[in-house]
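Single-structure report; data block below.
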Amino acid sequence: MSDLPASASSPYAQLDWDAQGQPRSQLFADVYFATDGGLAETRHVFLEQNELARRFAELPAGGQLVIGETGFGTGLNFLCAWQLFEQSAPSDCRLHFVSVEKYPLTRSDLQRALALWPELADYSKQLLAQYLAVHPGFQRFTLSSGRVSLTLLIGDALEQLPELDAPIDAWFLDGFAPQRNPQMWCPELFAELARLSHPGTTLGTFCSAGDVRRALNAAGFKMKRVPGIGRKWEVLKGQFIGQTTPAVKPWFARPPFNPAVRHALVIGAGLAGCASAASLAARGWQVTLLERHGALAQEASGNPQGVLYLKLSAHGTALSRLIVSGFGYTRRLLEQLHSNDWAACGVLQLALNEKELARQTQLAAAFPADLLQPLSQTQAGSRAGIALPAGGLFYPEGGWVHPPALCQLLAKHPQIRLLTHSDVLELTPHPDGWQATSQGQLLASAPVVVLAGAADIRHFAQAAELPLKRIRGQITRLPQTAASSELRTVVCAEGYVAPARNGEHCLGASFDFTSTDLTINNAEHASNLQLLEEISSDLAARLHSAELDPATLQGRAAFRCTSPDYLPIVGPLADASAFLRQYAKLGKNANWRTELPCPWLDGLYVNSGHGSRGLISAPLSGELLAAWLNNEPLPVPRMVAEACHPNRFALRSLIRGQ
Ligand SMILES: Cc1cc2nc3c(=O)[nH]c(=O)nc-3n(C[C@H](O)[C@H](O)[C@H](O)COP(=O)(O)OP(=O)(O)OC[C@H]3O[C@@H](n4cnc5c(N)ncnc54)[C@H](O)[C@@H]3O)c2cc1C
Ligand SMILES: C[S@@+](CC[C@H](N)C(=O)[O-])C[C@H]1O[C@@H](n2cnc3c(N)ncnc32)[C@H](O)[C@@H]1O
């Protein structure tokens with residue numbers, strides 16, 4: 001988002017800057033913060049009225065506080081809250097900040113606005129370093145070495161907040177003035193704040209208007225006028241005293257299980273396992289990462305290059321929304337990788353037929369131009385540096401990644417212990433949690449276990465019902481030539497080819513739905529070369545592909561692991577047969593409402609089914625898993641979390657059986 005100027009059709013805020021260099025919204029004709037003493041006002045209105053200094057200091061060991069905000073704007077409130085948190089909270093506590101924003105600032109505007117506050121420079125620098133790939137929907141940021149999570153909901157507050165599942169402890173209400181921005185102060189929005197609140201949730205706002213105060217009172221907040229600051233004579237502070245609404249779907253509810261010891265076993269050290277371990281370790285968990293091979297990333301996550309490719313839908317499906325959120329999260333993570341292990345070179349998806357062209361036209365209308373842009377054949381060719389048979393859709397922030405390096409980065413944490421050569425064959429319940437054993441030999445035990453062994457998680461009786469499939473894929477490694485080094489972006493059609501890493505291009509990949517054999521075979525090298533020809537006969541010639549003998553080519557084969565709906569499987573596991581018994585009535589009436597608790601397998605979780613896009617879905621799934629386990633804000637919309645939930649299959653089979 002940094003490169004594009006805000007324009008009339010852009011989703012970004014259009015700003016004017018006053019003589020003091022302070023931003024002002026063109027659309028709302030209003031200021032983002034008090035022009036005299038913005039910092040003091042933020043601290044008085046939001047931090048003090050929510051009593052955050054005391055509440056941060058009183059957090060219990062390993063505790064967390066969740067702040068919700070309407071209107072992220074320049075992030076000033078967030079940075080002030082973060083600074084106070086660092087100054088006041090015990091070192092093992094965490095801060096979650098969730099904020100909704102319809103018109104995010106471009107990165108350059110954000111930089112300019114935050115330069116006004118030199119005393120917040122330590123914090124604004126970290127935010128700016130991560131402020132990229134901020135696209136519509138939920139965008140999760142991990143800051144302060146994992147101590148602080150920021151979730152931005154990019155979109156209209158009335159569309160985004162109903163999607164949020166988060167136990168909010170303190171609210172900052174910071175829309176523009178109500179007469180200019182009534183959408184941010186309406187009863188429907190206040191009802192959402194109430195839904196996300198619990199007894200003890202507090203609220204602070206600069207706005208003291210009588211109708212706002214009365215509407216908040218009506219929503220369940222006990223509001224009080226208190227002295228203001230600067231030009232604000234009075235401001236409002238409040239406490240939630242209303243009714244909390246019970247969850248209606250117990251099979252998607254948060255499991256009540258709360259282990260006394262925060263120790264987890266993660267079984268499988270590919271992208272899903274390493275990401276799960278990273279998200280838990282960042283939250284203070286001890287993690288034992290068990291891997292049957294001698295090192296991590298030896299199976300699907302072991303390819304030399306994988307593509308950060310977004311297969312989107314223009315119809316806002318759960319998968320498409322997961323992809324936009326996951327892409328943002330992975331993309332921000334990659335900033336920490338060594339430059340030899342990834343490249344933000346962009347990804348070009350060619351439109352080789354009318355159907356693909358129509359799909360791309362729809363996507364171009366549905367998504368912002370800094371996420372994807374249609375290119376003509378000539379434009380595409382000059383982007384890619386080679387001759388191409390067609391134009392296509394260009395994803396400027398996409399690129400390629402060396403997945404093992406991403407796994408290493410995720411698993412590198414003092415609280416993660418990697419146990420290699422540890423093939424977990426059985427998982428048995430034990431008074432202290434779960435025991436992982438191999439032929440009767442105890443490997444490790446802990447109250448929480450995350451199954452991250454791709455399709456092999458079905459070998460555990462507890463996960464045997466999950467409908468996971470393996471799809472064999474083979475990539476071909478092609479030696480770079482002087483002429484092929486002109487390739488400047490990843491180019492995809494049915495297959496993909498990336499600019500070279502360490503003198504080799506990665507060309508992929510075959511799909512075999514039946515084979516269980518991972519021996520490299522010549523037929524699939526030949527079919528990969530065919531995919532290359534389809535992408536660009538120019539590039540094929542530059543790589544001398546016609547002269548290459550498949551029998552002499554190097555490659556690598558592994559299994560992808562997919563679910564029937566192509567969404568990953570992420571979340572807590574229930575006892576399969578007890579589930580069918582407990583909710584059997586759904587077979588007769590799909591609309592049956594019940595509060596019967598789900599028969600969870602306490603402490604057992606899954607992160608699997610990442611198909612052909614683990615680079616995009618697995619890291620964010622680590623965050624989703626950690627959110628389920630720690631009663632945190634979910635990093636994705638509720639409907640996406642439910643669409644990824646392990647219980648969805650048992651639920652569907654019950655309902656289909658009616
Ligand atoms: C040919 C090919 C090309 C691909 N290209 C792309 C791409 O361009 N972009 C993209 O985003 N994705 C791509 N993918 C998909 C991506 O690689 C996967 O989605 C991702 O690697 C899945 O990670 P995972 O951790 O779930 O599985 P894996 O990486 O397979 O990891 C599972 C791990 O669990 C271990 N394990 C299993 N059972 C046990 C046990 N009982 N005890 C101990 N350890 C166990 C395994 O040894 C393994 O290390 C590709 C996949 C393939 C095969
Ligand atoms: C006063 S500013 C917020 C200032 C901000 N908290 C800060 O620290 O800089 C109000 C913000 O609300 C956003 N906003 C206005 N209407 C909105 C809507 N309907 N949904 C979501 N955000 C909205 C504006 O774009 C603006 O960034």
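By convention here, the chains of the structure tokens are called A, B, ... in the order presented, each chain's residues are numbered starting at 1, and ligands are numbered starting at 1 in the order presented.
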Find the residues near ligand 1. Use a cut-off of 6 Å, count only C-alpha atoms and all ligand atoms, and write them as a VMD selection string. chain A and resid 267 to 273 290 to 293 296 to 301 306 to 308 422 to 425 452 to 454 456 473 to 475 509 557 to 560 608 610 to 616
Residues within 8 Å of region 130-143 of chain A, please, as a PyMOL selection string. Count only C-alpha atoms; anything in the same chain fewer than 3 positions from it doesn't count. chain A and resi 1-2+107+126-127+146-155+160+321+324-325+327-329+331-332+335+368+371+397+635-637
Could you pull out the residues sitting within 9 Å of ligand 2, using only C-alpha atoms and all ligand atoms, and write them as a PDB file with C-alpha atoms, in the first residue's frame?
ATOM      1  CA  TYR A  12      -7.302   4.922   1.589  1.00  0.00           C
ATOM      2  CA  ALA A  13      -7.820   8.064   3.603  1.00  0.00           C
ATOM      3  CA  SER A  25      -9.642  13.998   6.689  1.00  0.00           C
ATOM      4  CA  LEU A  27     -13.953  13.204   3.432  1.00  0.00           C
ATOM      5  CA  PHE A  28     -15.074  14.044   6.979  1.00  0.00           C
ATOM      6  CA  ASP A  30     -12.298  16.683  10.670  1.00  0.00           C
ATOM      7  CA  VAL A  31      -9.057  16.169  12.583  1.00  0.00           C
ATOM      8  CA  TYR A  32      -7.641  12.811  13.673  1.00  0.00           C
ATOM      9  CA  PHE A  33      -6.620  14.097  17.088  1.00  0.00           C
ATOM     10  CA  GLY A  38      -3.131  15.193  20.821  1.00  0.00           C
ATOM     11  CA  THR A  42      -5.448  10.507  24.011  1.00  0.00           C
ATOM     12  CA  GLU A  69     -11.282   0.706  19.150  1.00  0.00           C
ATOM     13  CA  THR A  70     -13.569   2.307  16.608  1.00  0.00           C
ATOM     14  CA  GLY A  71     -11.394   4.265  14.153  1.00  0.00           C
ATOM     15  CA  PHE A  72      -7.688   3.311  13.938  1.00  0.00           C
ATOM     16  CA  GLY A  73      -6.740   6.406  11.958  1.00  0.00           C
ATOM     17  CA  THR A  74      -3.085   7.244  12.531  1.00  0.00           C
ATOM     18  CA  GLY A  75      -2.698   4.615  15.249  1.00  0.00           C
ATOM     19  CA  LEU A  76      -1.883   7.269  17.850  1.00  0.00           C
ATOM     20  CA  ASN A  77      -4.206   5.744  20.457  1.00  0.00           C
ATOM     21  CA  PHE A  78      -2.761   2.320  19.788  1.00  0.00           C
ATOM     22  CA  LEU A  79       0.826   3.507  20.188  1.00  0.00           C
ATOM     23  CA  CYS A  80      -0.010   5.338  23.435  1.00  0.00           C
ATOM     24  CA  SER A  99      -9.397  -1.622  15.777  1.00  0.00           C
ATOM     25  CA  VAL A 100     -11.766  -1.080  12.886  1.00  0.00           C
ATOM     26  CA  GLU A 101     -10.898   1.299  10.052  1.00  0.00           C
ATOM     27  CA  LYS A 102     -12.741   1.951   6.802  1.00  0.00           C
ATOM     28  CA  TYR A 103     -10.171   4.307   5.283  1.00  0.00           C
ATOM     29  CA  PRO A 104      -6.677   3.231   6.336  1.00  0.00           C
ATOM     30  CA  LEU A 105      -3.826   5.660   5.844  1.00  0.00           C
ATOM     31  CA  ALA A 113       1.527  11.514  10.817  1.00  0.00           C
ATOM     32  CA  LEU A 153     -10.511  -4.813  10.698  1.00  0.00           C
ATOM     33  CA  ILE A 154     -10.284  -2.984   7.390  1.00  0.00           C
ATOM     34  CA  GLY A 155     -13.774  -2.038   6.301  1.00  0.00           C
ATOM     35  CA  ASP A 156     -16.940  -0.400   7.531  1.00  0.00           C
ATOM     36  CA  ALA A 157     -17.444  -0.738  11.283  1.00  0.00           C
ATOM     37  CA  LEU A 158     -21.003  -1.989  10.833  1.00  0.00           C
ATOM     38  CA  GLU A 159     -19.843  -4.739   8.495  1.00  0.00           C
ATOM     39  CA  GLN A 160     -16.674  -5.723  10.323  1.00  0.00           C
ATOM     40  CA  PHE A 172     -11.822   3.444  22.791  1.00  0.00           C
ATOM     41  CA  LEU A 173     -14.615   5.186  20.851  1.00  0.00           C
ATOM     42  CA  ASP A 174     -12.867   7.438  18.396  1.00  0.00           C
ATOM     43  CA  GLY A 175     -14.891   8.062  15.258  1.00  0.00           C
ATOM     44  CA  PHE A 176     -14.876  11.563  13.844  1.00  0.00           C
ATOM     45  CA  ALA A 177     -17.321  13.986  15.493  1.00  0.00           C
ATOM     46  CA  ASN A 181     -19.527  10.724  11.093  1.00  0.00           C
ATOM     47  CA  PRO A 182     -22.881   9.468  12.511  1.00  0.00           C
ATOM     48  CA  GLN A 183     -22.224   5.871  11.333  1.00  0.00           C
ATOM     49  CA  MET A 184     -19.619   5.537  14.092  1.00  0.00           C
TER      50      MET A 184
END
In region 269-421 of chain A, DSSP strand (DSSP E) residues written as a PDB file with N, CA and C atoms, in the first residue's frame:
ATOM      1  N   GLN A 286       5.519 -23.188  26.816  1.00  0.00           N
ATOM      2  CA  GLN A 286       6.655 -24.057  26.520  1.00  0.00           C
ATOM      3  C   GLN A 286       6.173 -24.990  25.420  1.00  0.00           C
ATOM      4  N   VAL A 287       6.957 -25.133  24.369  1.00  0.00           N
ATOM      5  CA  VAL A 287       6.515 -25.983  23.266  1.00  0.00           C
ATOM      6  C   VAL A 287       7.555 -27.059  22.982  1.00  0.00           C
ATOM      7  N   THR A 288       7.086 -28.303  22.914  1.00  0.00           N
ATOM      8  CA  THR A 288       7.949 -29.389  22.451  1.00  0.00           C
ATOM      9  C   THR A 288       7.470 -29.750  21.054  1.00  0.00           C
ATOM     10  N   LEU A 289       8.351 -29.545  20.078  1.00  0.00           N
ATOM     11  CA  LEU A 289       7.999 -29.761  18.670  1.00  0.00           C
ATOM     12  C   LEU A 289       8.595 -31.104  18.250  1.00  0.00           C
ATOM     13  N   LEU A 290       7.706 -32.077  17.983  1.00  0.00           N
ATOM     14  CA  LEU A 290       8.177 -33.437  17.683  1.00  0.00           C
ATOM     15  C   LEU A 290       8.150 -33.687  16.182  1.00  0.00           C
ATOM     16  N   GLY A 306       8.540 -21.858  -2.894  1.00  0.00           N
ATOM     17  CA  GLY A 306       7.081 -21.938  -2.967  1.00  0.00           C
ATOM     18  C   GLY A 306       6.586 -20.550  -3.330  1.00  0.00           C
ATOM     19  N   VAL A 307       5.399 -20.508  -3.901  1.00  0.00           N
ATOM     20  CA  VAL A 307       4.888 -19.227  -4.400  1.00  0.00           C
ATOM     21  C   VAL A 307       3.840 -18.674  -3.444  1.00  0.00           C
ATOM     22  N   LEU A 308       3.938 -17.377  -3.186  1.00  0.00           N
ATOM     23  CA  LEU A 308       2.911 -16.664  -2.397  1.00  0.00           C
ATOM     24  C   LEU A 308       1.847 -16.235  -3.372  1.00  0.00           C
ATOM     25  N   TRP A 342      13.710 -15.309   0.174  1.00  0.00           N
ATOM     26  CA  TRP A 342      12.413 -14.922  -0.387  1.00  0.00           C
ATOM     27  C   TRP A 342      12.617 -13.728  -1.297  1.00  0.00           C
ATOM     28  N   ALA A 343      11.646 -13.458  -2.121  1.00  0.00           N
ATOM     29  CA  ALA A 343      11.707 -12.264  -2.960  1.00  0.00           C
ATOM     30  C   ALA A 343      10.297 -11.736  -3.166  1.00  0.00           C
ATOM     31  N   VAL A 347       3.802 -11.688  -8.416  1.00  0.00           N
ATOM     32  CA  VAL A 347       3.347 -12.934  -9.035  1.00  0.00           C
ATOM     33  C   VAL A 347       2.377 -12.560 -10.148  1.00  0.00           C
ATOM     34  N   LEU A 348       2.602 -13.160 -11.295  1.00  0.00           N
ATOM     35  CA  LEU A 348       1.748 -12.886 -12.445  1.00  0.00           C
ATOM     36  C   LEU A 348       0.965 -14.147 -12.791  1.00  0.00           C
ATOM     37  N   GLN A 349      -0.368 -14.050 -12.777  1.00  0.00           N
ATOM     38  CA  GLN A 349      -1.202 -15.184 -13.172  1.00  0.00           C
ATOM     39  C   GLN A 349      -1.705 -14.918 -14.582  1.00  0.00           C
ATOM     40  N   LEU A 350      -1.280 -15.741 -15.539  1.00  0.00           N
ATOM     41  CA  LEU A 350      -1.663 -15.498 -16.930  1.00  0.00           C
ATOM     42  C   LEU A 350      -3.121 -15.856 -17.179  1.00  0.00           C
ATOM     43  N   GLN A 373      -3.630  -6.323 -10.058  1.00  0.00           N
ATOM     44  CA  GLN A 373      -3.823  -5.395 -11.187  1.00  0.00           C
ATOM     45  C   GLN A 373      -3.861  -6.177 -12.492  1.00  0.00           C
ATOM     46  N   PRO A 374      -4.857  -5.912 -13.363  1.00  0.00           N
ATOM     47  CA  PRO A 374      -4.835  -6.563 -14.672  1.00  0.00           C
ATOM     48  C   PRO A 374      -3.751  -5.941 -15.551  1.00  0.00           C
ATOM     49  N   LEU A 375      -2.994  -6.772 -16.271  1.00  0.00           N
ATOM     50  CA  LEU A 375      -1.962  -6.271 -17.174  1.00  0.00           C
ATOM     51  C   LEU A 375      -2.221  -6.812 -18.570  1.00  0.00           C
ATOM     52  N   GLY A 392      -2.448 -10.845 -17.932  1.00  0.00           N
ATOM     53  CA  GLY A 392      -2.950 -11.559 -16.757  1.00  0.00           C
ATOM     54  C   GLY A 392      -3.107 -10.636 -15.579  1.00  0.00           C
ATOM     55  N   LEU A 393      -3.192 -11.259 -14.414  1.00  0.00           N
ATOM     56  CA  LEU A 393      -3.391 -10.500 -13.185  1.00  0.00           C
ATOM     57  C   LEU A 393      -2.076 -10.483 -12.428  1.00  0.00           C
ATOM     58  N   PHE A 394      -1.643  -9.296 -12.028  1.00  0.00           N
ATOM     59  CA  PHE A 394      -0.356  -9.158 -11.340  1.00  0.00           C
ATOM     60  C   PHE A 394      -0.601  -8.854  -9.871  1.00  0.00           C
ATOM     61  N   TYR A 395       0.050  -9.618  -9.002  1.00  0.00           N
ATOM     62  CA  TYR A 395      -0.023  -9.415  -7.548  1.00  0.00           C
ATOM     63  C   TYR A 395       1.310  -8.809  -7.123  1.00  0.00           C
ATOM     64  N   GLY A 399       5.226 -13.127  -4.342  1.00  0.00           N
ATOM     65  CA  GLY A 399       6.616 -13.474  -4.626  1.00  0.00           C
ATOM     66  C   GLY A 399       6.866 -14.940  -4.334  1.00  0.00           C
ATOM     67  N   TRP A 400       8.121 -15.279  -4.132  1.00  0.00           N
ATOM     68  CA  TRP A 400       8.438 -16.658  -3.758  1.00  0.00           C
ATOM     69  C   TRP A 400       9.146 -16.683  -2.411  1.00  0.00           C
ATOM     70  N   VAL A 401       9.105 -17.870  -1.779  1.00  0.00           N
ATOM     71  CA  VAL A 401       9.704 -18.071  -0.457  1.00  0.00           C
ATOM     72  C   VAL A 401      10.410 -19.418  -0.451  1.00  0.00           C
ATOM     73  N   ILE A 416      10.840 -22.994  22.362  1.00  0.00           N
ATOM     74  CA  ILE A 416      10.491 -24.139  21.500  1.00  0.00           C
ATOM     75  C   ILE A 416      11.656 -25.124  21.520  1.00  0.00           C
ATOM     76  N   ARG A 417      11.341 -26.365  21.910  1.00  0.00           N
ATOM     77  CA  ARG A 417      12.369 -27.409  21.904  1.00  0.00           C
ATOM     78  C   ARG A 417      12.010 -28.377  20.781  1.00  0.00           C
ATOM     79  N   LEU A 418      12.908 -28.488  19.794  1.00  0.00           N
ATOM     80  CA  LEU A 418      12.651 -29.394  18.664  1.00  0.00           C
ATOM     81  C   LEU A 418      13.207 -30.773  18.994  1.00  0.00           C
ATOM     82  N   LEU A 419      12.338 -31.788  18.966  1.00  0.00           N
ATOM     83  CA  LEU A 419      12.790 -33.169  19.172  1.00  0.00           C
ATOM     84  C   LEU A 419      12.711 -33.881  17.829  1.00  0.00           C
TER      85      LEU A 419
END
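Proximity ranking of A:Cys345, A:Leu651, A:Ala191, A:Leu280 relative to Leu487 (chain A) places A:Cys345 first, based on only C-alpha atoms.
CA of Leu236 (chain A) sits 6.5 Å away from CA of Cys207 (chain A).
Nearest to Glu192 (chain A) of all the residues A:Ser536, A:Ser145, A:Thr245, A:Gln582 is A:Thr245, based on only C-alpha atoms.
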So which bits of region 319-455 of chain A end up helix (DSSP H, G or I) when you DSSP the backbone, as an MDAnalysis selection string? chainID A and resid 319:334 339:341 354:366 377:384 403:411 454:455
Surrounding residues of region 601-603 of chain A excluding itself and chain neighbours under 6 positions, 6 Å, only C-alpha atoms, as a count of residues only: 5
